[in-house]
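Dropping model_10.pdb in here (PDB, C-alpha atoms and all ligand atoms):
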```
ATOM      1  CA  MET A 640     -15.370  25.520  -6.233
ATOM      2  CA  ILE A 641     -11.584  25.622  -5.831
ATOM      3  CA  ALA A 642      -9.476  26.418  -8.938
ATOM      4  CA  GLY A 643      -6.616  23.987  -8.353
ATOM      5  CA  LEU A 644      -4.754  22.007  -5.691
ATOM      6  CA  LYS A 645      -2.212  19.315  -4.905
ATOM      7  CA  VAL A 646      -2.543  16.186  -2.762
ATOM      8  CA  PHE A 647      -0.068  13.546  -1.613
ATOM      9  CA  ALA A 648      -0.832   9.864  -0.884
ATOM     10  CA  PRO A 649       1.737   7.663   0.893
ATOM     11  CA  ALA A 650       3.174   4.276  -0.011
ATOM     12  CA  THR A 651       1.917   1.290   1.985
ATOM     13  CA  VAL A 652       2.865  -2.192   3.106
ATOM     14  CA  ALA A 653       0.020  -4.671   2.559
ATOM     15  CA  ASN A 654      -0.576  -8.106   4.118
ATOM     16  CA  VAL A 655       1.813  -7.437   7.045
ATOM     17  CA  ALA A 656       2.772 -11.137   7.093
ATOM     18  CA  CYS A 657      -0.365 -12.900   8.373
ATOM     19  CA  GLY A 658      -3.076 -10.564   6.984
ATOM     20  CA  TYR A 659      -3.238 -11.349   3.280
ATOM     21  CA  ASP A 660      -5.582  -8.814   1.622
ATOM     22  CA  ILE A 661      -6.921  -7.637   5.005
ATOM     23  CA  LEU A 662      -4.099  -5.760   6.755
ATOM     24  CA  GLY A 663      -1.869  -2.873   5.718
ATOM     25  CA  PHE A 664      -0.023   0.197   6.982
ATOM     26  CA  ALA A 665       1.204   3.464   5.525
ATOM     27  CA  ILE A 666       4.818   4.661   5.593
ATOM     28  CA  ASP A 667       6.442   8.092   5.412
ATOM     29  CA  GLY A 668       8.441   9.343   2.458
ATOM     30  CA  PRO A 669       7.546   7.683  -0.826
ATOM     31  CA  GLY A 670       4.127   8.292  -2.376
ATOM     32  CA  ASP A 671       2.184   9.895  -5.206
ATOM     33  CA  GLU A 672       1.428  13.537  -5.799
ATOM     34  CA  ILE A 673      -1.595  14.595  -7.822
ATOM     35  CA  ILE A 674      -2.376  18.101  -9.033
ATOM     36  CA  VAL A 675      -5.848  18.970 -10.288
ATOM     37  CA  ASN A 676      -6.989  22.185 -11.953
ATOM     38  CA  ARG A 677     -10.393  23.386 -13.088
ATOM     39  CA  VAL A 678     -10.649  24.120 -16.823
ATOM     40  CA  ASP A 679     -13.505  25.244 -19.093
ATOM     41  CA  LYS A 680     -13.545  22.189 -21.340
ATOM     42  CA  PRO A 681     -15.873  19.592 -19.772
ATOM     43  CA  GLY A 682     -14.550  16.209 -18.629
ATOM     44  CA  LEU A 683     -11.580  14.775 -16.756
ATOM     45  CA  VAL A 684      -8.255  14.660 -18.606
ATOM     46  CA  ILE A 685      -4.853  13.383 -17.438
ATOM     47  CA  THR A 686      -2.346  15.793 -18.939
ATOM     48  CA  LYS A 687       0.923  14.525 -17.496
ATOM     49  CA  ILE A 688       2.429  11.577 -15.613
ATOM     50  CA  THR A 689       5.990  11.815 -14.332
ATOM     51  CA  GLY A 690       8.226   9.356 -12.484
ATOM     52  CA  CYS A 691       7.117   6.155 -14.225
ATOM     53  CA  LYS A 692       9.071   6.157 -17.520
ATOM     54  CA  ASN A 693       5.891   6.294 -19.636
ATOM     55  CA  LYS A 694       4.672   2.995 -18.214
ATOM     56  CA  LEU A 695       1.299   4.279 -17.053
ATOM     57  CA  PRO A 696      -1.628   5.126 -19.347
ATOM     58  CA  LEU A 697      -2.886   8.677 -19.794
ATOM     59  CA  GLU A 698      -6.361   7.347 -20.670
ATOM     60  CA  VAL A 699      -8.586   8.137 -17.711
ATOM     61  CA  GLU A 700     -10.459   4.814 -17.878
ATOM     62  CA  LYS A 701      -7.229   2.808 -17.793
ATOM     63  CA  ASN A 702      -5.407   4.817 -15.161
ATOM     64  CA  THR A 703      -5.943   3.929 -11.485
ATOM     65  CA  ALA A 704      -6.072   7.580 -10.360
ATOM     66  CA  GLY A 705      -8.148   8.613 -13.370
ATOM     67  CA  PHE A 706     -10.650   5.766 -13.056
ATOM     68  CA  ALA A 707     -11.096   6.272  -9.298
ATOM     69  CA  ALA A 708     -11.587  10.018  -9.830
ATOM     70  CA  LEU A 709     -14.045   9.408 -12.659
ATOM     71  CA  LYS A 710     -16.141   6.977 -10.593
ATOM     72  CA  LEU A 711     -16.309   9.549  -7.808
ATOM     73  CA  LEU A 712     -17.265  12.349 -10.222
ATOM     74  CA  GLU A 713     -20.007  10.149 -11.708
ATOM     75  CA  PHE A 714     -21.343   9.328  -8.236
ATOM     76  CA  LEU A 715     -21.430  13.024  -7.390
ATOM     77  CA  LYS A 716     -23.006  13.807 -10.800
ATOM     78  CA  GLU A 717     -20.134  16.190 -11.485
ATOM     79  CA  ASP A 718     -18.578  14.348 -14.431
ATOM     80  CA  LYS A 719     -19.297  17.234 -16.807
ATOM     81  CA  ILE A 720     -17.035  19.696 -15.047
ATOM     82  CA  GLY A 721     -13.651  20.328 -16.662
ATOM     83  CA  ILE A 722     -10.658  18.986 -14.709
ATOM     84  CA  GLU A 723      -7.035  18.505 -15.712
ATOM     85  CA  MET A 724      -5.016  16.050 -13.629
ATOM     86  CA  GLU A 725      -1.237  15.631 -13.339
ATOM     87  CA  ILE A 726       0.225  12.550 -11.643
ATOM     88  CA  HIS A 727       3.722  12.701 -10.196
ATOM     89  CA  LYS A 728       4.961   9.342  -8.985
ATOM     90  CA  LYS A 729       7.376   9.910  -6.127
ATOM     91  CA  MET A 730       7.721   6.252  -5.303
ATOM     92  CA  PRO A 731       8.916   3.146  -7.090
ATOM     93  CA  PHE A 732       6.373   1.665  -9.442
ATOM     94  CA  GLY A 733       5.683  -2.121  -9.435
ATOM     95  CA  SER A 734       7.545  -2.443  -6.156
ATOM     96  CA  GLY A 735       4.992  -3.969  -3.766
ATOM     97  CA  LEU A 736       4.629  -0.624  -2.002
ATOM     98  CA  GLY A 737       1.122   0.127  -3.194
ATOM     99  CA  SER A 738       1.956   2.463  -6.040
ATOM    100  CA  SER A 739      -1.387   2.035  -7.823
ATOM    101  CA  ALA A 740      -3.227   2.344  -4.504
ATOM    102  CA  ALA A 741      -1.477   5.642  -3.732
ATOM    103  CA  SER A 742      -2.527   6.957  -7.142
ATOM    104  CA  ALA A 743      -6.122   5.919  -6.559
ATOM    105  CA  ALA A 744      -6.193   7.411  -3.047
ATOM    106  CA  ALA A 745      -4.665  10.677  -4.261
ATOM    107  CA  GLY A 746      -7.061  10.764  -7.231
ATOM    108  CA  VAL A 747     -10.224  10.603  -5.135
ATOM    109  CA  MET A 748      -8.894  12.949  -2.453
ATOM    110  CA  ALA A 749      -7.917  15.536  -5.081
ATOM    111  CA  ILE A 750     -11.407  15.510  -6.609
ATOM    112  CA  ASN A 751     -13.120  15.617  -3.223
ATOM    113  CA  GLU A 752     -11.029  18.622  -2.166
ATOM    114  CA  LEU A 753     -11.615  20.377  -5.478
ATOM    115  CA  LEU A 754     -15.369  20.009  -4.947
ATOM    116  CA  GLU A 755     -14.988  21.325  -1.385
ATOM    117  CA  ARG A 756     -15.355  17.968   0.390
ATOM    118  CA  PRO A 757     -18.785  16.584  -0.418
ATOM    119  CA  LEU A 758     -17.702  13.224   1.074
ATOM    120  CA  THR A 759     -15.755  12.153   4.141
ATOM    121  CA  ARG A 760     -12.415  10.389   3.741
ATOM    122  CA  ARG A 761     -14.007   7.046   4.573
ATOM    123  CA  GLU A 762     -16.726   7.581   1.996
ATOM    124  CA  LEU A 763     -14.016   7.990  -0.651
ATOM    125  CA  LEU A 764     -12.690   4.498  -0.032
ATOM    126  CA  PRO A 765     -14.964   2.484  -2.401
ATOM    127  CA  PHE A 766     -14.025   4.745  -5.330
ATOM    128  CA  ALA A 767     -10.309   4.418  -4.597
ATOM    129  CA  VAL A 768     -10.613   0.621  -4.364
ATOM    130  CA  LEU A 769     -12.375   0.571  -7.751
ATOM    131  CA  GLY A 770      -9.429   2.512  -9.154
ATOM    132  CA  GLU A 771      -6.892   0.104  -7.764
ATOM    133  CA  GLN A 772      -8.895  -2.843  -9.029
ATOM    134  CA  ILE A 773      -8.021  -1.980 -12.611
ATOM    135  CA  ALA A 774      -4.317  -2.458 -11.756
ATOM    136  CA  ASP A 775      -4.476  -6.075 -10.577
ATOM    137  CA  GLY A 776      -8.052  -7.167 -11.273
ATOM    138  CA  ALA A 777      -8.919  -7.837  -7.621
ATOM    139  CA  TYR A 778     -11.047  -5.860  -5.142
ATOM    140  CA  HIS A 779      -8.996  -5.478  -1.964
ATOM    141  CA  ALA A 780      -8.350  -2.435   0.181
ATOM    142  CA  ASP A 781      -5.198  -3.437   2.064
ATOM    143  CA  ASN A 782      -3.097  -0.816   0.250
ATOM    144  CA  VAL A 783      -5.760   1.760  -0.584
ATOM    145  CA  ALA A 784      -7.282   2.018   2.905
ATOM    146  CA  PRO A 785      -4.009   2.765   4.769
ATOM    147  CA  SER A 786      -2.860   5.110   1.994
ATOM    148  CA  LEU A 787      -6.099   7.076   2.206
ATOM    149  CA  LEU A 788      -6.736   6.892   5.958
ATOM    150  CA  GLY A 789      -3.205   6.455   7.362
ATOM    151  CA  GLY A 790      -2.117   4.151  10.187
ATOM    152  CA  ILE A 791      -2.483   0.400  10.404
ATOM    153  CA  ILE A 792      -5.772  -0.742   8.899
ATOM    154  CA  PHE A 793      -7.520  -4.070   9.448
ATOM    155  CA  ILE A 794     -10.211  -4.982   6.935
ATOM    156  CA  ARG A 795     -12.828  -7.394   8.257
ATOM    157  CA  SER A 796     -14.476  -7.579   4.839
ATOM    158  CA  ASN A 797     -13.273  -6.233   1.502
ATOM    159  CA  GLU A 798     -16.748  -6.672  -0.043
ATOM    160  CA  GLU A 799     -18.334  -4.516   2.648
ATOM    161  CA  LEU A 800     -15.234  -2.344   3.114
ATOM    162  CA  ASP A 801     -15.580  -2.888   6.830
ATOM    163  CA  VAL A 802     -12.261  -1.235   7.747
ATOM    164  CA  HIS A 803     -10.825  -0.535  11.193
ATOM    165  CA  ARG A 804      -7.865   1.427  12.428
ATOM    166  CA  VAL A 805      -5.566  -0.489  14.750
ATOM    167  CA  PRO A 806      -3.510   1.417  17.362
ATOM    168  CA  VAL A 807       0.191   1.864  16.666
ATOM    169  CA  PRO A 808       2.479   1.089  19.634
ATOM    170  CA  LYS A 809       5.020   3.759  20.503
ATOM    171  CA  GLY A 810       8.431   2.895  19.070
ATOM    172  CA  LEU A 811       7.155   0.784  16.179
ATOM    173  CA  TYR A 812       9.252   1.347  13.038
ATOM    174  CA  ALA A 813       9.189  -0.197   9.583
ATOM    175  CA  THR A 814      12.212  -0.931   7.420
ATOM    176  CA  VAL A 815      11.418  -1.631   3.793
ATOM    177  CA  ILE A 816      13.779  -2.626   1.004
ATOM    178  CA  TYR A 817      12.854  -2.573  -2.660
ATOM    179  CA  PRO A 818      15.179  -4.821  -4.660
ATOM    180  CA  HIS A 819      15.007  -3.934  -8.334
ATOM    181  CA  VAL A 820      13.478  -7.129  -9.660
ATOM    182  CA  LYS A 821      10.197  -7.246 -11.532
ATOM    183  CA  ILE A 822       7.074  -8.858 -10.102
ATOM    184  CA  LEU A 823       3.578  -8.076 -11.355
ATOM    185  CA  THR A 824       0.933  -8.224  -8.632
ATOM    186  CA  ARG A 825      -1.437  -9.919 -11.058
ATOM    187  CA  ASP A 826       1.132 -12.728 -11.580
ATOM    188  CA  ALA A 827       2.004 -12.963  -7.888
ATOM    189  CA  ARG A 828      -1.705 -13.478  -7.165
ATOM    190  CA  LYS A 829      -2.113 -16.084  -9.904
ATOM    191  CA  ILE A 830       0.540 -18.418  -8.464
ATOM    192  CA  LEU A 831      -1.308 -18.718  -5.136
ATOM    193  CA  SER A 832      -3.104 -21.961  -4.405
ATOM    194  CA  ASP A 833      -6.823 -21.753  -3.586
ATOM    195  CA  VAL A 834      -6.417 -24.507  -1.042
ATOM    196  CA  VAL A 835      -5.217 -23.933   2.529
ATOM    197  CA  SER A 836      -4.669 -26.797   4.949
ATOM    198  CA  LEU A 837      -6.609 -26.760   8.202
ATOM    199  CA  ASP A 838      -3.338 -26.614  10.165
ATOM    200  CA  ASP A 839      -2.128 -23.569   8.224
ATOM    201  CA  HIS A 840      -5.525 -21.900   8.575
ATOM    202  CA  ILE A 841      -5.368 -22.345  12.352
ATOM    203  CA  THR A 842      -1.774 -21.083  12.567
ATOM    204  CA  GLN A 843      -2.465 -18.045  10.366
ATOM    205  CA  ASN A 844      -5.643 -17.135  12.289
ATOM    206  CA  GLY A 845      -3.754 -17.435  15.563
ATOM    207  CA  ASN A 846      -1.035 -15.138  14.223
ATOM    208  CA  LEU A 847      -3.472 -12.561  12.874
ATOM    209  CA  GLY A 848      -5.388 -12.428  16.154
ATOM    210  CA  GLY A 849      -2.099 -12.267  18.066
ATOM    211  CA  LEU A 850      -0.774  -9.452  15.908
ATOM    212  CA  ILE A 851      -3.899  -7.313  16.297
ATOM    213  CA  LEU A 852      -3.977  -7.956  20.038
ATOM    214  CA  GLY A 853      -0.244  -7.214  20.322
ATOM    215  CA  LEU A 854      -0.729  -3.899  18.493
ATOM    216  CA  TYR A 855      -3.652  -2.987  20.767
ATOM    217  CA  ASN A 856      -1.672  -3.752  23.908
ATOM    218  CA  SER A 857       1.790  -2.613  22.738
ATOM    219  CA  ASN A 858       2.893  -6.164  23.492
ATOM    220  CA  PHE A 859       6.039  -6.467  21.366
ATOM    221  CA  GLY A 860       6.607 -10.083  22.446
ATOM    222  CA  LEU A 861       3.187 -11.059  21.099
ATOM    223  CA  ILE A 862       3.724  -9.013  17.925
ATOM    224  CA  LYS A 863       7.046 -10.818  17.376
ATOM    225  CA  ARG A 864       5.515 -14.281  17.808
ATOM    226  CA  SER A 865       2.645 -13.370  15.496
ATOM    227  CA  LEU A 866       4.439 -11.711  12.566
ATOM    228  CA  GLN A 867       4.617 -14.886  10.516
ATOM    229  CA  ASP A 868       2.953 -15.932   7.314
ATOM    230  CA  VAL A 869       2.623 -19.684   6.789
ATOM    231  CA  ILE A 870       0.347 -19.424   3.728
ATOM    232  CA  ILE A 871       1.357 -16.752   1.216
ATOM    233  CA  GLU A 872       5.059 -16.146   1.894
ATOM    234  CA  PRO A 873       6.099 -19.782   1.262
ATOM    235  CA  GLN A 874       4.457 -19.586  -2.164
ATOM    236  CA  ARG A 875       5.821 -16.175  -3.189
ATOM    237  CA  ALA A 876       9.302 -16.155  -1.652
ATOM    238  CA  GLN A 877      10.722 -17.948  -4.716
ATOM    239  CA  LEU A 878       9.967 -14.800  -6.774
ATOM    240  CA  ILE A 879      12.338 -12.680  -4.645
ATOM    241  CA  PRO A 880      16.068 -13.437  -4.844
ATOM    242  CA  GLY A 881      17.739 -13.699  -1.445
ATOM    243  CA  PHE A 882      14.454 -13.567   0.487
ATOM    244  CA  PHE A 883      15.160 -16.261   3.105
ATOM    245  CA  GLU A 884      18.761 -15.161   3.634
ATOM    246  CA  LEU A 885      17.611 -11.587   4.172
ATOM    247  CA  GLN A 886      14.814 -12.665   6.504
ATOM    248  CA  GLU A 887      17.235 -14.625   8.682
ATOM    249  CA  LYS A 888      19.721 -11.731   8.881
ATOM    250  CA  VAL A 889      16.973  -9.252   9.702
ATOM    251  CA  LEU A 890      15.541 -11.413  12.494
ATOM    252  CA  ASN A 891      19.068 -11.878  13.891
ATOM    253  CA  ALA A 892      19.442  -8.074  13.844
ATOM    254  CA  GLY A 893      16.495  -7.871  16.264
ATOM    255  CA  ALA A 894      13.460  -7.227  14.057
ATOM    256  CA  LEU A 895      10.065  -8.267  15.384
ATOM    257  CA  GLY A 896       9.292  -9.906  12.060
ATOM    258  CA  CYS A 897      10.018  -9.755   8.352
ATOM    259  CA  SER A 898       7.962 -10.744   5.318
ATOM    260  CA  ILE A 899       7.022  -9.727   1.788
ATOM    261  CA  SER A 900       5.513  -6.259   1.345
ATOM    262  CA  GLY A 901       2.278  -6.741  -0.601
ATOM    263  CA  ALA A 902       2.933  -8.906  -3.628
ATOM    264  CA  GLY A 903       6.669  -8.044  -3.543
ATOM    265  CA  PRO A 904       9.424  -7.666  -4.513
ATOM    266  CA  SER A 905       9.780  -5.257  -1.562
ATOM    267  CA  ILE A 906      10.398  -6.841   1.820
ATOM    268  CA  PHE A 907       9.449  -5.192   5.111
ATOM    269  CA  ALA A 908      10.457  -5.664   8.717
ATOM    270  CA  LEU A 909       8.958  -4.183  11.872
ATOM    271  CA  SER A 910      11.111  -3.217  14.853
ATOM    272  CA  ASP A 911      10.465  -1.886  18.343
ATOM    273  CA  SER A 912      12.895   1.047  18.020
ATOM    274  CA  LEU A 913      14.454   3.317  15.420
ATOM    275  CA  ILE A 914      17.953   2.030  16.128
ATOM    276  CA  THR A 915      16.889  -1.582  15.480
ATOM    277  CA  ALA A 916      15.060  -0.489  12.323
ATOM    278  CA  GLN A 917      18.289   1.160  11.152
ATOM    279  CA  ASN A 918      20.394  -1.926  11.946
ATOM    280  CA  VAL A 919      17.862  -4.023  10.053
ATOM    281  CA  GLY A 920      18.240  -1.647   7.108
ATOM    282  CA  VAL A 921      22.014  -2.165   7.084
ATOM    283  CA  GLU A 922      21.530  -5.955   6.948
ATOM    284  CA  MET A 923      18.944  -5.693   4.189
ATOM    285  CA  THR A 924      21.176  -3.488   2.057
ATOM    286  CA  LYS A 925      24.162  -5.800   2.535
ATOM    287  CA  VAL A 926      22.234  -8.770   1.150
ATOM    288  CA  TYR A 927      21.346  -7.011  -2.082
ATOM    289  CA  SER A 928      24.801  -5.444  -2.502
ATOM    290  CA  ARG A 929      26.261  -8.940  -2.247
ATOM    291  CA  LEU A 930      23.722 -10.259  -4.765
ATOM    292  CA  LYS A 931      24.568  -7.274  -7.005
ATOM    293  CA  ILE A 932      20.903  -6.279  -7.208
ATOM    294  CA  GLU A 933      20.176  -2.570  -6.961
ATOM    295  CA  SER A 934      17.864  -1.671  -4.109
ATOM    296  CA  GLU A 935      16.203   1.233  -2.319
ATOM    297  CA  LEU A 936      15.752   1.383   1.441
ATOM    298  CA  PHE A 937      13.057   3.171   3.435
ATOM    299  CA  ILE A 938      12.971   3.505   7.221
ATOM    300  CA  SER A 939       9.825   4.982   8.657
ATOM    301  CA  SER A 940       7.497   5.173  11.599
ATOM    302  CA  ILE A 941       3.904   4.232  10.778
ATOM    303  CA  ASN A 942       2.396   7.106   8.792
ATOM    304  CA  GLN A 943      -0.753   8.155  10.664
ATOM    305  CA  ARG A 944      -1.750  10.918   8.293
ATOM    306  CA  GLY A 945      -2.664   9.086   5.098
ATOM    307  CA  THR A 946      -3.508  11.168   2.040
ATOM    308  CA  TYR A 947      -3.369  14.923   2.580
ATOM    309  CA  LEU A 948      -3.848  18.240   0.882
ATOM    310  CA  VAL A 949      -0.407  19.769   0.299
TER     311      VAL A 949
HETATM  312  N1  LIG B   1      -2.803  -8.128  -0.769
HETATM  313  C1  LIG B   1      -2.283  -7.886  -2.086
HETATM  314  C2  LIG B   1      -1.457  -9.071  -2.524
HETATM  315  C3  LIG B   1      -1.438  -6.643  -2.055
HETATM  316  O1  LIG B   1      -0.645  -9.533  -1.735
HETATM  317  O2  LIG B   1      -1.627  -9.541  -3.647
HETATM  318  C4  LIG B   1      -0.868  -6.277  -3.385
HETATM  319  O3  LIG B   1      -1.744  -5.525  -4.130
END
```
Could you rewrite the structure in this file as structure tokens?
Ligand code: HSE
Amino acid sequence: MIAGLKVFAPATVANVACGYDILGFAIDGPGDEIIVNRVDKPGLVITKITGCKNKLPLEVEKNTAGFAALKLLEFLKEDKIGIEMEIHKKMPFGSGLGSSAASAAAGVMAINELLERPLTRRELLPFAVLGEQIADGAYHADNVAPSLLGGIIFIRSNEELDVHRVPVPKGLYATVIYPHVKILTRDARKILSDVVSLDDHITQNGNLGGLILGLYNSNFGLIKRSLQDVIIEPQRAQLIPGFFELQEKVLNAGALGCSISGAGPSIFALSDSLITAQNVGVEMTKVYSRLKIESELFISSINQRGTYLV
């Protein structure tokens, strides 16, 4: 068994407009780092969390990384070995960029590497999803799966974790802005109506199919027509100041589409080139400077690597 190691799990954009709970992609740059070390004293202990201003629990059972790691250790019947875990958050927390998912993905990957890879990456997924579930109470893999596996991930069924990697067209870039306003995923899920009209269902299904097909065929025109959310975005946009103004400016700047990243408050856009993604970023930043809301901007290609051993 290995004595100690470090892993990194990237931030993610979930939903991707028309794929609520069933579509997500990973980005480069922000993410979570987890360090694990073998110790003599039996059991898993979280010794340190940095980058979250003491907002995350050190108790293993209440921590997304800790819980995911513990469930994996129990499954492997290795929960008596002594492990110390440090969590270093290198991404904004509560931002709609899959912070808890990155922790959970990094947690399971760190344990799996420490035990010299008893499971494949895909086999780690259920444990990571269980970890993320304690953050918002729901079982969905649209942040965890892309953070762990990388790329753009389509989930046919969350219950069965029937997950599929979708090809990434050359030139596809994401621009993501995190305005510093507070939205809890749990709350942003609670406000959603259970009822969807037949018209909206048809439109959303058409868009989801179109988006997947557009990604498969590198058909940017089809991607652009499909990157629309007629169900969730209209209900959540009110939680994000300046959302519609920003969306209009970003589309005018040439983005393929723009919507809420996960449960928000971050907003993402996809573009067919780096230069457009950068122009989109300028427009996004201008909106929040004018509204006097602090923000952070990320411009990235789609991260194909997912969680990795540093
Ligand atoms: N699909 C989730 C949501 C992502 O929009 O609530 C956030 O965890």
Q: Any chance you could resolve the PyMOL selection byres (((not hetatm)) within 10 of (chain B and resi 1)) against this file and give the residues as number ranges by chain?
A: A: 651-656, 658-663, 733-740, 771-772, 774-783, 823-829, 831, 871-872, 875, 899-903
Q | Distance query segment 677-681 of chain A at most 7 Å, all atoms listed in the file, self and fewer than 2 positions along chain excluded, as a PyMOL selection string | A | chain A and resi 642-643+675+719-723
Q. Neighbours of Met748 of chain A within 12 Å (all atoms listed in the file; same-chain residues fewer than 4 positions away dropped), as a ChimeraX atom specification?
A. /A:644-648,671-675,704-705,707-709,711-712,741-744,752-764,766-767,783,786-788,945-949
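Nearest residue to Lys863 of chain A among A:Pro785, A:Gly770, A:Gly896, A:Gly849 is A:Gly896, counting all atoms listed in the file.
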Q: Check which residues satisfy the PyMOL selection byres (((chain A and resi 689) around 10) and not hetatm) in the file shown, then give them as a list in words.
A: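 When the PyMOL selection byres (((chain A and resi 689) around 10) and not hetatm) is applied, the selected residues are Glu672, Lys687, Ile688, Gly690, Cys691, Lys692, Asn693, Lys694, Leu695, Glu725, Ile726, His727, Lys728 and Lys729 of chain A.
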